[in-house]
Amino acid sequence: MKAFIYKLHFTAPLQVNSDPLSLEKSEVMIHSDTLFSAIANSYAALFEADEGFFKDPPFLISSAFPFYKNTLFIKTIPVKWNIDSESREKFRKKIKKTEFIPIEMLKKVISQEKITINENSFKQEFFQEDIDGPIYTVSERPHSSVSNSTGETHIFYTSSVSFSKDAGLYFLVQFKDEAEKKRFDAAMYLLSDTGIGGKRSSGHGMFKTEEGGTFQWSYKEGEDYFINISLYHPTEREIKNGLLQNARFVTINRQNWVFSNGVARPVRSKSVRMFTEGSILKNTEGAEGDIPDVTPEIPQEIGRITHRIYRYGKLFKLPVPAPPDGGEK
């Protein structure tokens, strides 16, 4: 597997939400469907991007996860770590709150290699000992809205994430043809200036791109299972082929406001459920996910939306042997 690493060094706060319909709580990662939409809009601004591009893009991307200096983190779901019983009991709460671990540690978790932990092993939601300070900080800002019907004022808050100097987000890319990389880099350059996520008109979400070389993974295609590092929307055939056999997974509902021809529409796309990053699933033949059509079928909006709306649900997988037992980490 040859994948390129792209690092995003944010020069402004980032506002990306687990619920795209809300602005109240910002996440510390960018899901692959949100990332793809942002990149695809940059493609459409620079090149010809017809419906075929959205249904069968020339590249495959992961979600964007945090990095700190040279450490790349990955999101996990609860599977048992091979640690001694005393440490398991002592650090139970901290272990349970851990959402991101270094990729090198992920290999140890999968192979059930012994893991040593202590008081310094945990920083925020991260497992990592050599972090000097917080990887990110969260800021909240109050806003007010006035009801058209009652005139009452409603106070609400929005949050954004600011990364430390040595931190940011990274994602992986595989190209069907490496000649496409030049166009991809041009789209990323434009996206870095326009920003990603919410409040872009206020300068949020702007970043500088750094290429971090190529990604290496210990296991090769052909292993019995895989770890999903993108949001994954399987086809019915993939599920019937045994995808869920002895699987460890979490699902998430995805829906968003429609953005069409450079204009935000006051309608929501259809919702879909996907497997989250870190899910461990059976490596069935031909598992690759799909890109479902989520165009809202609302009579008064038909005609205003001049193209179909798609949600990126392609699988980006890391092959692994049989997963460790489920349950608590």
# chains A, B, ... in the order shown; residues from 1 in each chain; ligands from 1
$ select_by_dssp --residues "segment 132-213 of chain A" --states "strand (DSSP E)" --output "ChimeraX atom specification"
/A:136-146,153-163,167-175,207-213
$ closest_atom_pairs --of "segment 21-92 of chain A" --to "segment 210-225 of chain A" --cutoff "12 Å" --atoms "only C-alpha atoms" --output "tab-separated table"
residue	atom	partner	partner_atom	distance
A:Ser62	CA	A:Phe215	CA	11.9
A:Phe67	CA	A:Gly212	CA	11.1
A:Lys69	CA	A:Gly212	CA	11.2
A:Asn70	CA	A:Gly212	CA	9.4
A:Thr71	CA	A:Gly212	CA	11.3
A:Leu72	CA	A:Phe215	CA	10.4
$ write_last_selection --atoms "N, CA and C atoms" --output "PDB file, in the first residue's frame"
ATOM      1  N   SER A  62      -8.164   9.140   3.743  1.00  0.00           N
ATOM      2  CA  SER A  62      -8.557   8.776   5.104  1.00  0.00           C
ATOM      3  C   SER A  62      -9.196   9.993   5.753  1.00  0.00           C
ATOM      4  N   PHE A  67      -1.677  15.108  14.746  1.00  0.00           N
ATOM      5  CA  PHE A  67      -0.264  14.745  14.872  1.00  0.00           C
ATOM      6  C   PHE A  67       0.379  15.704  15.856  1.00  0.00           C
ATOM      7  N   LYS A  69       4.431  16.854  16.523  1.00  0.00           N
ATOM      8  CA  LYS A  69       5.812  16.704  16.057  1.00  0.00           C
ATOM      9  C   LYS A  69       5.854  15.558  15.047  1.00  0.00           C
ATOM     10  N   ASN A  70       6.609  14.505  15.329  1.00  0.00           N
ATOM     11  CA  ASN A  70       6.719  13.400  14.360  1.00  0.00           C
ATOM     12  C   ASN A  70       5.777  12.245  14.664  1.00  0.00           C
ATOM     13  N   THR A  71       4.919  12.410  15.668  1.00  0.00           N
ATOM     14  CA  THR A  71       4.007  11.330  16.053  1.00  0.00           C
ATOM     15  C   THR A  71       2.661  11.492  15.362  1.00  0.00           C
ATOM     16  N   LEU A  72       2.259  10.452  14.644  1.00  0.00           N
ATOM     17  CA  LEU A  72       0.950  10.421  14.001  1.00  0.00           C
ATOM     18  C   LEU A  72       0.001   9.612  14.881  1.00  0.00           C
TER      19      LEU A  72
END
$ select_by_dssp --residues "segment 98-304 of chain A" --states "alpha helix (DSSP H)" --output "list in words"
Ile103, Glu104, Met105, Leu106, Lys107, Lys108, Val109, Ile110, Ser111, Lys181, Lys182, Arg183, Phe184, Asp185, Ala186, Ala187, Met188, Tyr189, Leu190, Leu191, Ser192, Asp193, Thr194, Glu236, Arg237, Glu238, Ile239 and Lys240 of chain A
$ atom_distance --atom1 "atom CA of His204 of chain A" --atom2 "atom CA of Ala40 of chain A"
18.9 Å
$ atom_distance --atom1 "atom CA of Leu243 of chain A" --atom2 "atom CA of Ile83 of chain A"
28.9 Å
$ residues_around --residues "Lys199 of chain A" --least-positions-apart "6" --cutoff "10 Å" --atoms "only C-alpha atoms" --output "JSON, numbers by chain"
{"A": [13, 14, 15, 16, 23, 160, 205]}
$ closest_residue --among "A:Lys208, A:Arg88, A:Lys282, A:Lys114" --to "Glu238 of chain A" --atoms "only C-alpha atoms"
A:Lys282
$ closest_residue --among "A:Glu288, A:Glu27, A:Glu140, A:Asp56" --to "Asn228 of chain A" --atoms "only C-alpha atoms"
A:Glu288
$ atom_distance --atom1 "atom CA of Phe10 of chain A" --atom2 "atom CA of Ile196 of chain A"
10.0 Å
$ residues_around --residues "Thr11 of chain A" --least-positions-apart "5" --cutoff "12 Å" --atoms "only C-alpha atoms" --output "list in words"
Val161, Ser162, Phe163, Ser164, Lys165, Asp166, Ala167, Gly168, Leu169, Ser192, Asp193, Thr194, Gly195, Ile196, Gly203, His204, Gly205, Met206, Phe207, Lys208 and Thr209 of chain A
$ closest_atom_pairs --of "segment 10-120 of chain A" --to "segment 125-130 of chain A" --cutoff "8 Å" --atoms "only C-alpha atoms" --output "Markdown table"
| residue | atom | partner | partner_atom | distance |
| --- | --- | --- | --- | --- |
| A:Lys97 | CA | A:Glu125 | CA | 6.1 |
| A:Thr98 | CA | A:Glu125 | CA | 4.6 |
| A:Glu99 | CA | A:Glu125 | CA | 5.3 |
| A:Phe100 | CA | A:Phe126 | CA | 4.9 |
| A:Ile101 | CA | A:Phe127 | CA | 5.1 |
| A:Pro102 | CA | A:Phe127 | CA | 7.2 |
| A:Asn120 | CA | A:Glu129 | CA | 5.5 |
$ write_last_selection --atoms "C-alpha atoms" --output "JSON list (two decimals), in the first residue's frame"
[["chain", "number", "residue", "atom", "x", "y", "z"],
["A", 97, "LYS", "CA", -11.13, 8.39, 27.92],
["A", 98, "THR", "CA", -8.28, 7.76, 25.49],
["A", 99, "GLU", "CA", -9.43, 8.34, 21.91],
["A", 100, "PHE", "CA", -6.14, 8.70, 20.02],
["A", 101, "ILE", "CA", -3.01, 6.56, 20.19],
["A", 102, "PRO", "CA", 0.22, 6.66, 18.14],
["A", 120, "ASN", "CA", 2.68, 10.49, 32.21]]
$ residues_around --residues "Leu231 of chain A" --least-positions-apart "2" --cutoff "9 Å" --atoms "only C-alpha atoms" --output "PyMOL selection string"
chain A and resi 31-33+62-63+228-229+233+251-252+274-277+312-316
$ closest_residue --among "A:Lys55, A:Lys317, A:His307, A:Lys93" --to "Ser279 of chain A" --atoms "only C-alpha atoms"
A:Lys317
$ closest_residue --among "A:Leu190, A:Ala38, A:Ile61, A:Ile291" --to "Phe171 of chain A" --atoms "only C-alpha atoms"
A:Ile61
